[in-house]
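Here's input-v6.tsv, which has TSV, C-alpha atoms and all ligand atoms:
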chain	number	residue	atom	x	y	z
T	221	MET	CA	30.28	-11.53	37.69
T	222	LEU	CA	27.10	-12.40	35.78
T	223	LYS	CA	28.40	-12.58	32.23
T	224	ASP	CA	25.78	-14.13	29.90
T	225	LYS	CA	23.50	-15.16	32.78
T	226	VAL	CA	19.82	-14.96	31.85
T	227	ALA	CA	17.91	-13.11	34.58
T	228	VAL	CA	14.17	-12.51	34.92
T	229	ILE	CA	13.07	-9.79	37.34
T	230	TYR	CA	9.48	-9.45	38.51
T	231	GLY	CA	8.56	-5.93	39.63
T	232	GLY	CA	11.47	-4.76	37.48
T	233	GLY	CA	10.05	-1.25	37.15
T	234	GLY	CA	10.08	-0.70	40.92
T	235	ALA	CA	12.82	0.76	43.11
T	236	ILE	CA	14.42	-2.53	44.23
T	237	GLY	CA	13.75	-4.36	40.94
T	238	GLY	CA	15.12	-1.48	38.85
T	239	ALA	CA	18.29	-1.13	40.94
T	240	VAL	CA	18.95	-4.88	40.83
T	241	ALA	CA	18.31	-4.91	37.06
T	242	ARG	CA	20.84	-2.11	36.44
T	243	ALA	CA	23.44	-3.84	38.63
T	244	PHE	CA	22.88	-7.25	37.00
T	245	ALA	CA	23.17	-5.66	33.54
T	246	ARG	CA	26.43	-3.89	34.47
T	247	GLU	CA	27.82	-7.32	35.39
T	248	GLY	CA	26.93	-8.76	31.99
T	249	ALA	CA	23.56	-10.44	32.58
T	250	LYS	CA	20.87	-10.58	29.90
T	251	LEU	CA	17.77	-9.09	31.50
T	252	PHE	CA	14.09	-9.90	31.02
T	253	LEU	CA	12.16	-7.33	33.05
T	254	THR	CA	8.52	-7.73	33.91
T	255	GLY	CA	5.94	-5.72	35.80
T	256	ARG	CA	2.24	-5.23	36.19
T	257	ARG	CA	2.39	-2.04	34.11
T	258	ARG	CA	4.54	-1.94	30.99
T	259	ALA	CA	5.73	1.69	31.08
T	260	PRO	CA	7.94	1.53	34.22
T	261	VAL	CA	9.70	-1.69	33.12
T	262	GLU	CA	10.20	-0.31	29.64
T	263	ALA	CA	11.85	2.79	31.09
T	264	VAL	CA	14.36	0.66	33.04
T	265	ALA	CA	15.00	-1.58	30.00
T	266	ARG	CA	15.65	1.47	27.78
T	267	GLU	CA	18.10	2.88	30.33
T	268	ILE	CA	20.00	-0.42	30.45
T	269	VAL	CA	20.13	-0.77	26.67
T	270	SER	CA	21.32	2.81	26.19
T	271	ALA	CA	24.12	2.09	28.70
T	272	GLY	CA	25.21	-0.86	26.49
T	273	GLY	CA	23.43	-3.64	28.37
T	274	SER	CA	20.83	-6.18	27.33
T	275	ALA	CA	17.23	-5.87	28.56
T	276	GLU	CA	13.72	-6.58	27.34
T	277	ALA	CA	10.48	-5.47	28.97
T	278	ALA	CA	7.15	-7.27	29.28
T	279	GLU	CA	3.86	-6.75	31.05
T	280	VAL	CA	3.34	-9.72	33.37
T	281	ASP	CA	1.05	-9.90	36.39
T	282	ALA	CA	3.05	-11.94	38.91
T	283	LEU	CA	-0.20	-13.18	40.45
T	284	ASP	CA	-1.36	-14.66	37.14
T	285	GLU	CA	0.00	-18.20	36.87
T	286	GLN	CA	-0.57	-18.49	33.13
T	287	ALA	CA	0.96	-15.10	32.39
T	288	VAL	CA	4.11	-15.94	34.40
T	289	ASP	CA	4.39	-19.34	32.70
T	290	LYS	CA	3.84	-17.96	29.19
T	291	HIS	CA	6.42	-15.22	29.67
T	292	LEU	CA	9.02	-17.59	31.12
T	293	GLN	CA	8.52	-19.94	28.18
T	294	SER	CA	9.14	-17.01	25.81
T	295	VAL	CA	12.40	-16.31	27.69
T	296	ILE	CA	13.47	-19.96	27.30
T	297	ASP	CA	12.52	-19.90	23.61
T	298	GLU	CA	14.63	-16.80	23.06
T	299	ALA	CA	17.55	-17.22	25.45
T	300	GLY	CA	17.61	-21.00	25.86
T	301	ARG	CA	17.46	-21.01	29.67
T	302	VAL	CA	16.86	-19.00	32.84
T	303	ASP	CA	19.68	-18.68	35.37
T	304	ILE	CA	18.31	-16.11	37.84
T	305	SER	CA	14.75	-15.35	38.95
T	306	PHE	CA	14.38	-12.27	41.18
T	307	ASN	CA	11.12	-11.39	42.92
T	308	ALA	CA	10.92	-7.63	43.54
T	309	VAL	CA	7.14	-7.35	43.56
T	310	GLY	CA	5.75	-4.84	46.03
T	311	ILE	CA	2.24	-3.54	46.64
T	312	PRO	CA	1.21	-0.03	47.80
T	313	GLY	CA	0.84	0.21	51.57
T	314	THR	CA	-1.39	3.28	51.66
T	315	LYS	CA	-4.42	1.50	53.15
T	316	ILE	CA	-2.36	-0.96	55.22
T	317	LEU	CA	0.29	1.13	56.96
T	318	GLY	CA	-0.59	3.54	59.76
T	319	VAL	CA	-3.66	1.55	60.86
T	320	SER	CA	-3.62	-0.43	64.10
T	321	LEU	CA	-4.38	-4.16	63.88
T	322	VAL	CA	-7.54	-3.75	65.94
T	323	GLU	CA	-8.86	-1.23	63.40
T	324	LEU	CA	-7.65	-3.00	60.26
T	325	ASP	CA	-10.22	-4.84	58.17
T	326	LEU	CA	-9.63	-8.45	57.12
T	327	GLU	CA	-9.18	-7.70	53.43
T	328	GLN	CA	-6.43	-5.15	54.05
T	329	PHE	CA	-4.77	-7.43	56.63
T	330	SER	CA	-4.72	-10.36	54.20
T	331	LEU	CA	-3.65	-8.42	51.13
T	332	PRO	CA	0.14	-8.39	51.71
T	333	ILE	CA	0.14	-11.96	53.01
T	334	THR	CA	-1.65	-13.37	49.97
T	335	THR	CA	0.06	-11.10	47.43
T	336	TYR	CA	3.66	-11.59	48.58
T	337	ALA	CA	3.40	-15.31	49.34
T	338	THR	CA	1.44	-16.09	46.17
T	339	SER	CA	3.60	-14.13	43.75
T	340	TYR	CA	6.84	-15.47	45.24
T	341	PHE	CA	5.51	-19.05	45.17
T	342	LEU	CA	4.35	-18.80	41.54
T	343	ILE	CA	7.53	-17.13	40.32
T	344	ALA	CA	9.78	-19.57	42.17
T	345	ARG	CA	7.84	-22.65	41.09
T	346	MET	CA	7.81	-21.68	37.42
T	347	ALA	CA	11.52	-20.83	37.48
T	348	ALA	CA	12.47	-24.04	39.31
T	349	ARG	CA	10.62	-26.17	36.77
T	350	ARG	CA	12.86	-24.72	34.04
T	351	MET	CA	16.07	-24.61	36.09
T	352	VAL	CA	15.98	-28.31	37.03
T	353	ALA	CA	16.71	-29.20	33.42
T	354	ASN	CA	20.12	-27.47	33.70
T	355	LYS	CA	20.66	-28.51	37.33
T	356	SER	CA	21.52	-24.89	38.10
T	357	GLY	CA	19.85	-21.58	38.88
T	358	VAL	CA	19.28	-18.99	41.58
T	359	ILE	CA	15.90	-17.92	42.92
T	360	MET	CA	15.90	-14.66	44.88
T	361	THR	CA	13.57	-12.33	46.76
T	362	ALA	CA	13.68	-9.19	48.93
T	363	THR	CA	12.10	-8.86	52.37
T	364	THR	CA	12.34	-6.38	55.22
T	365	GLN	CA	13.12	-6.57	58.93
T	366	HIS	CA	9.36	-6.67	59.61
T	367	SER	CA	9.82	-10.43	59.16
T	368	ARG	CA	11.64	-10.60	62.47
T	369	MET	CA	10.52	-7.54	64.46
T	370	GLY	CA	7.27	-6.31	65.94
T	371	ILE	CA	6.89	-3.03	64.07
T	372	PRO	CA	3.61	-1.26	64.91
T	373	LEU	CA	1.05	-0.01	62.39
T	374	SER	CA	2.25	-2.25	59.58
T	375	GLY	CA	-0.75	-4.63	59.39
T	376	GLY	CA	-0.07	-7.99	57.75
T	377	TYR	CA	3.22	-6.78	56.27
T	378	GLY	CA	5.37	-8.54	58.92
T	379	PRO	CA	3.57	-11.89	58.54
T	380	ALA	CA	3.94	-11.52	54.73
T	381	MET	CA	7.70	-10.94	55.00
T	382	ALA	CA	8.05	-13.85	57.44
T	383	ALA	CA	6.16	-16.08	54.98
T	384	GLU	CA	8.56	-15.18	52.18
T	385	GLU	CA	11.59	-15.97	54.34
T	386	ALA	CA	10.05	-19.30	55.37
T	387	LEU	CA	9.36	-20.08	51.71
T	388	THR	CA	13.00	-19.32	50.87
T	389	ARG	CA	14.09	-22.00	53.37
T	390	VAL	CA	11.56	-24.61	52.19
T	391	LEU	CA	12.27	-24.00	48.49
T	392	SER	CA	15.97	-24.35	49.16
T	393	ALA	CA	15.50	-27.59	51.09
T	394	GLU	CA	13.67	-29.06	48.09
T	395	LEU	CA	15.67	-27.48	45.26
T	396	ALA	CA	19.28	-27.28	46.43
T	397	PRO	CA	19.83	-31.02	45.88
T	398	GLN	CA	18.98	-30.30	42.23
T	399	GLY	CA	21.54	-27.52	41.91
T	400	ILE	CA	19.17	-24.59	42.46
T	401	ARG	CA	20.02	-22.04	45.16
T	402	VAL	CA	17.29	-20.01	46.89
T	403	VAL	CA	18.34	-16.87	48.74
T	404	GLY	CA	16.82	-13.63	50.00
T	405	LEU	CA	17.97	-10.13	50.89
T	406	ARG	CA	16.64	-8.26	53.91
T	407	PRO	CA	17.54	-4.57	53.74
T	408	GLN	CA	16.39	-2.29	56.56
T	409	ALA	CA	14.87	0.67	54.69
T	410	ILE	CA	16.15	2.52	51.67
T	411	PRO	CA	15.35	6.26	51.60
T	412	GLU	CA	15.65	6.59	47.80
T	413	THR	CA	12.59	4.36	47.35
T	414	GLY	CA	9.04	5.68	47.14
T	415	THR	CA	8.09	2.80	49.44
T	416	LEU	CA	9.87	4.30	52.43
T	417	LYS	CA	8.35	7.76	51.84
T	418	GLU	CA	4.95	6.07	51.66
T	419	ALA	CA	5.61	4.28	54.97
T	420	PHE	CA	6.54	7.62	56.52
T	421	GLU	CA	3.49	9.43	55.17
T	422	ALA	CA	1.16	6.71	56.43
T	423	ARG	CA	2.48	7.19	59.96
T	424	ALA	CA	3.14	10.95	59.78
T	425	LYS	CA	-0.11	11.93	61.49
T	426	VAL	CA	0.39	9.53	64.38
T	427	SER	CA	4.12	10.11	64.85
T	428	GLY	CA	4.15	13.90	64.34
T	429	ILE	CA	7.71	13.85	62.98
T	430	THR	CA	9.21	15.12	59.72
T	431	TRP	CA	10.60	12.98	56.86
T	432	GLU	CA	14.14	13.87	57.94
T	433	GLN	CA	13.42	12.94	61.58
T	434	PHE	CA	11.85	9.65	60.42
T	435	GLN	CA	15.01	8.71	58.50
T	436	GLU	CA	17.22	9.76	61.43
T	437	ARG	CA	15.15	7.66	63.81
T	438	LEU	CA	15.51	4.58	61.59
T	439	ALA	CA	19.21	5.18	61.06
T	440	SER	CA	19.84	5.59	64.78
T	441	SER	CA	18.67	2.01	65.32
T	442	ASN	CA	21.54	0.50	63.30
T	443	HIS	CA	25.29	0.29	63.87
T	444	ALA	CA	26.26	2.49	60.92
T	445	ARG	CA	23.88	5.31	61.94
T	446	ARG	CA	22.87	5.74	58.30
T	447	LEU	CA	20.47	4.01	55.94
T	448	MET	CA	21.56	1.80	53.08
T	449	THR	CA	21.62	2.97	49.46
T	450	LEU	CA	19.98	1.13	46.58
T	451	GLU	CA	23.42	0.61	45.06
T	452	GLU	CA	24.73	-1.09	48.20
T	453	MET	CA	21.74	-3.44	48.24
T	454	ALA	CA	22.13	-4.19	44.51
T	455	ASN	CA	25.86	-4.94	44.91
T	456	VAL	CA	25.02	-7.67	47.42
T	457	ALA	CA	22.31	-8.98	45.07
T	458	VAL	CA	24.94	-9.32	42.31
T	459	PHE	CA	27.21	-11.33	44.57
T	460	MET	CA	24.38	-13.59	45.73
T	461	ALA	CA	23.26	-14.22	42.16
T	462	SER	CA	26.80	-15.02	41.03
T	463	ASP	CA	28.65	-18.32	41.13
T	464	LYS	CA	30.90	-16.79	43.81
T	465	ALA	CA	28.00	-17.38	46.22
T	466	SER	CA	27.71	-21.07	45.32
T	467	GLY	CA	27.95	-21.96	49.03
T	468	MET	CA	24.92	-19.87	49.93
T	469	THR	CA	21.36	-21.22	49.92
T	470	GLY	CA	18.30	-21.42	52.16
T	471	THR	CA	19.05	-18.11	53.81
T	472	THR	CA	18.00	-14.46	53.86
T	473	VAL	CA	20.97	-12.12	54.10
T	474	ASN	CA	20.69	-9.61	56.91
T	475	LEU	CA	21.33	-6.20	55.30
T	476	THR	CA	20.03	-4.18	58.22
T	477	MET	CA	23.51	-2.95	59.14
T	478	GLY	CA	23.05	-4.07	62.73
T	479	SER	CA	19.48	-2.87	63.25
T	480	LEU	CA	18.51	-6.52	63.60
T	481	ASP	CA	20.77	-9.00	65.35
T	482	ASP	CA	21.35	-12.32	63.63
T	501	LIG	N1	11.92	0.05	49.58
T	501	LIG	C1	12.58	-0.45	50.61
T	501	LIG	O1	13.20	0.29	51.41
T	501	LIG	C2	12.60	-1.93	50.81
T	501	LIG	C3	13.44	-2.46	51.79
T	501	LIG	C4	13.46	-3.84	51.96
T	501	LIG	C5	12.65	-4.66	51.19
T	501	LIG	N2	11.82	-4.12	50.26
T	501	LIG	C6	10.94	-5.06	49.53
T	501	LIG	O2	11.25	-5.06	48.15
T	501	LIG	C7	10.07	-5.28	47.40
T	501	LIG	C8	9.91	-4.18	46.35
T	501	LIG	O3	9.87	-2.93	47.02
T	501	LIG	P1	10.09	-1.56	46.24
T	501	LIG	O4	10.46	-0.55	47.26
T	501	LIG	O5	10.95	-1.74	45.06
T	501	LIG	O6	8.57	-1.27	45.76
T	501	LIG	P2	8.07	-0.49	44.44
T	501	LIG	O7	9.05	0.55	44.04
T	501	LIG	O8	6.66	-0.09	44.72
T	501	LIG	O9	8.08	-1.62	43.31
T	501	LIG	C9	7.22	-2.70	43.37
T	501	LIG	C10	6.99	-3.17	41.95
T	501	LIG	O10	6.16	-4.33	41.99
T	501	LIG	C11	5.28	-4.26	40.89
T	501	LIG	N3	4.09	-5.08	41.11
T	501	LIG	C12	3.14	-4.97	42.05
T	501	LIG	N4	2.23	-5.94	41.92
T	501	LIG	C13	2.62	-6.69	40.86
T	501	LIG	C14	2.09	-7.82	40.21
T	501	LIG	N5	0.96	-8.42	40.63
T	501	LIG	N6	2.75	-8.32	39.15
T	501	LIG	C15	3.89	-7.75	38.70
T	501	LIG	N7	4.44	-6.67	39.26
T	501	LIG	C16	3.81	-6.15	40.33
T	501	LIG	C17	4.92	-2.80	40.80
T	501	LIG	O11	4.43	-2.53	39.52
T	501	LIG	P3	3.24	-1.47	39.32
T	501	LIG	O12	3.78	-0.16	39.77
T	501	LIG	O13	2.98	-1.56	37.86
T	501	LIG	O14	2.11	-1.97	40.18
T	501	LIG	C18	6.26	-2.13	41.10
T	501	LIG	O15	7.00	-1.89	39.93
T	501	LIG	C19	8.92	-5.37	48.40
T	501	LIG	O16	8.69	-6.72	48.70
T	501	LIG	C20	9.47	-4.67	49.60
T	501	LIG	O17	8.90	-5.15	50.79
T	501	LIG	C21	11.78	-2.78	50.06

Starting from the file, give its structure as structure tokens.
Amino acid sequence: MLKDKVAVIYGGGGAIGGAVARAFAREGAKLFLTGRRRAPVEAVAREIVSAGGSAEAAEVDALDEQAVDKHLQSVIDEAGRVDISFNAVGIPGTKILGVSLVELDLEQFSLPITTYATSYFLIARMAARRMVANKSGVIMTATTQHSRMGIPLSGGYGPAMAAEEALTRVLSAELAPQGIRVVGLRPQAIPETGTLKEAFEARAKVSGITWEQFQERLASSNHARRLMTLEEMANVAVFMASDKASGMTGTTVNLTMGSLDD
């Protein structure tokens, strides 16, 4: 579905970024993986290459405008173009989650809002500048249902997710006329990721429930009564990145399996 597409993934060494990278590579895409630390992205790239795919790793801070620009230029120089830009950047929630808003200090409240909105804006802007030349491209990001629900003890995480989804709509309104689609994925919570375990641990003291009970509680809020796998999320990402989804832009796909109504 993605044969010969050139894809850049930011946060490619993380749970979501790594799963999307493996799925894109299986479908024939040429991957350029980036992350704040080199080792995790290199590990994913090695795995892809040893499975017969194409992937290169680079250390790029997604909050550093010059670093993002320089890396993207190196991709263009090598591959000739960029077709897909996927933002899978995520920051640790250890000091943010589990603290009530009235107790949370300003710096910790602002951190997710500035990090997620800034990195997504920079990544999208740099990609769009290159994609316009070909009048085609797909810009993608991942959010959570915090964007649309009042979930306690999650600080500025909800406002950050809502900002990303708003940015997806605005980017699309400006870029779709030039052939560039902008779409997001909104999975509920994926137990295989360290992020969910971290969210549980942050609230464990307050909630007094076990890891298993936490997952059951989340699952019981959706129609399927189970949580999504990384592979299921990545399969949808492949479709959205492919030309089969040419009619889809300016939207965030609800992958909450019914936990959140449309
Ligand atoms: N996990 C879930 O269940 C879930 C569900 C829905 C949506 N999401 C969303 O998906 C995104 C990724 O989540 P995840 O679970 O994959 O998190 P993760 O495993 O912690 O991965 C996040 C990645 O982002 C990288 N990163 C952080 N700051 C960066 C920066 N300034 N520049 C470049 N890379 C940076 C991290 O690299 P370092 O380790 O080197 O810092 C890490 O590899 C988040 O926006 C999250 O909200 C997650």

For Thr471 (chain T): contacts at 12 Å, all atoms listed in the file, fewer than 4 positions along chain excluded, given as an NGL selection string: :T and (359-363 or 384-393 or 396 or 401-406 or 460 or 465 or 467 or 482)

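A straight line drawn from CA of Glu452 (chain T) to atom N4 of ligand LIG 501 (chain T) is 23.9 Å long.
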
Emit as JSON the padded axis-aligned box for all listed atoms of region 434-437 of chain T, 4 Å per side, with centre and edge lengths in Å to one decimal.
{"center_x": 14.5, "center_y": 8.7, "center_z": 61.2, "size_x": 13.4, "size_y": 10.1, "size_z": 13.3}

For atom C13 of ligand LIG 501 (chain T) and CA of Leu283 (chain T), the interatomic separation in Å (one decimal): 7.1 Å

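Candidate residues T:Leu326, T:Leu331, T:Ala275, T:Ala263 were compared for distance to Gly233 (chain T), and the nearest is T:Ala263, using all atoms listed in the file.
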
Residue among T:Val264, T:Leu324, T:Ile229, T:Leu222 lying closest to Ala347 (chain T), counting all atoms listed in the file: T:Ile229

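Across the structure, CA of Ile316 (chain T) and CA of Ala439 (chain T) are spaced 23.2 Å apart.
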
Residue among T:Phe341, T:Ala278, T:Phe420, T:Gly376 lying closest to Gln433 (chain T), counting all atoms listed in the file: T:Phe420

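Proximity ranking of T:Glu247, T:Glu394, T:Glu276, T:Glu418 relative to ligand LIG 501 (chain T) places T:Glu418 first, based on only C-alpha atoms and all ligand atoms.
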
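Checking T:Ile268, T:Ala348, T:Ala308, T:Ala259 one by one against ligand LIG 501 (chain T), counting only C-alpha atoms and all ligand atoms, you find the shortest gap at T:Ala308.
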
Test item: residues at most 12 Å from Asp325 (chain T), only C-alpha atoms, excluding those fewer than 3 positions along its chain, as a count of residues only: 12

Contacts of Arg368 (chain T) within 9 Å, only C-alpha atoms, excl. fewer than 3 positions in-chain, as a VMD selection string: chain T and resid 364 to 365 378 381 to 382 480

Residue neighbourhood Ala227 (chain T), 7 Å, only C-alpha atoms, exclusion window fewer than 2 positions, as an mmCIF file with C-alpha atoms, in the coordinates of the input:
data_model
loop_
_atom_site.group_PDB
_atom_site.id
_atom_site.type_symbol
_atom_site.label_atom_id
_atom_site.label_comp_id
_atom_site.auth_asym_id
_atom_site.auth_seq_id
_atom_site.Cartn_x
_atom_site.Cartn_y
_atom_site.Cartn_z
ATOM 1 C CA LYS T 225 23.500 -15.160 32.780
ATOM 2 C CA ILE T 229 13.070 -9.790 37.340
ATOM 3 C CA ALA T 249 23.560 -10.440 32.580
ATOM 4 C CA LYS T 250 20.870 -10.580 29.900
ATOM 5 C CA LEU T 251 17.770 -9.090 31.500
ATOM 6 C CA PHE T 252 14.090 -9.900 31.020
ATOM 7 C CA VAL T 302 16.860 -19.000 32.840
ATOM 8 C CA ASP T 303 19.680 -18.680 35.370
ATOM 9 C CA ILE T 304 18.310 -16.110 37.840
ATOM 10 C CA SER T 305 14.750 -15.350 38.950
#

I'd like the neighbourhood of Gly399 (chain T) as an mmCIF file with C-alpha atoms, in the coordinates of the input, where a residue qualifies if any of its atoms comes within 10 Å (using all atoms listed in the file), though same-chain residues fewer than 3 positions away should be ignored.
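Result file follows (result23.cif):
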data_model
loop_
_atom_site.group_PDB
_atom_site.id
_atom_site.type_symbol
_atom_site.label_atom_id
_atom_site.label_comp_id
_atom_site.auth_asym_id
_atom_site.auth_seq_id
_atom_site.Cartn_x
_atom_site.Cartn_y
_atom_site.Cartn_z
ATOM 1 C CA MET T 351 16.070 -24.610 36.090
ATOM 2 C CA VAL T 352 15.980 -28.310 37.030
ATOM 3 C CA ALA T 353 16.710 -29.200 33.420
ATOM 4 C CA ASN T 354 20.120 -27.470 33.700
ATOM 5 C CA LYS T 355 20.660 -28.510 37.330
ATOM 6 C CA SER T 356 21.520 -24.890 38.100
ATOM 7 C CA GLY T 357 19.850 -21.580 38.880
ATOM 8 C CA VAL T 358 19.280 -18.990 41.580
ATOM 9 C CA SER T 392 15.970 -24.350 49.160
ATOM 10 C CA LEU T 395 15.670 -27.480 45.260
ATOM 11 C CA ALA T 396 19.280 -27.280 46.430
ATOM 12 C CA VAL T 402 17.290 -20.010 46.890
ATOM 13 C CA SER T 466 27.710 -21.070 45.320
#

For Tyr377 (chain T), the nearest of the candidates T:Glu327, T:Gly313, T:Glu412, T:Gln435, counting all atoms listed in the file: T:Gly313

Distance query 9 Å from (20.4, 0.6, 51.2) using all atoms listed in the file, result as number ranges by chain: T: 407-412, 447-454, 475-476
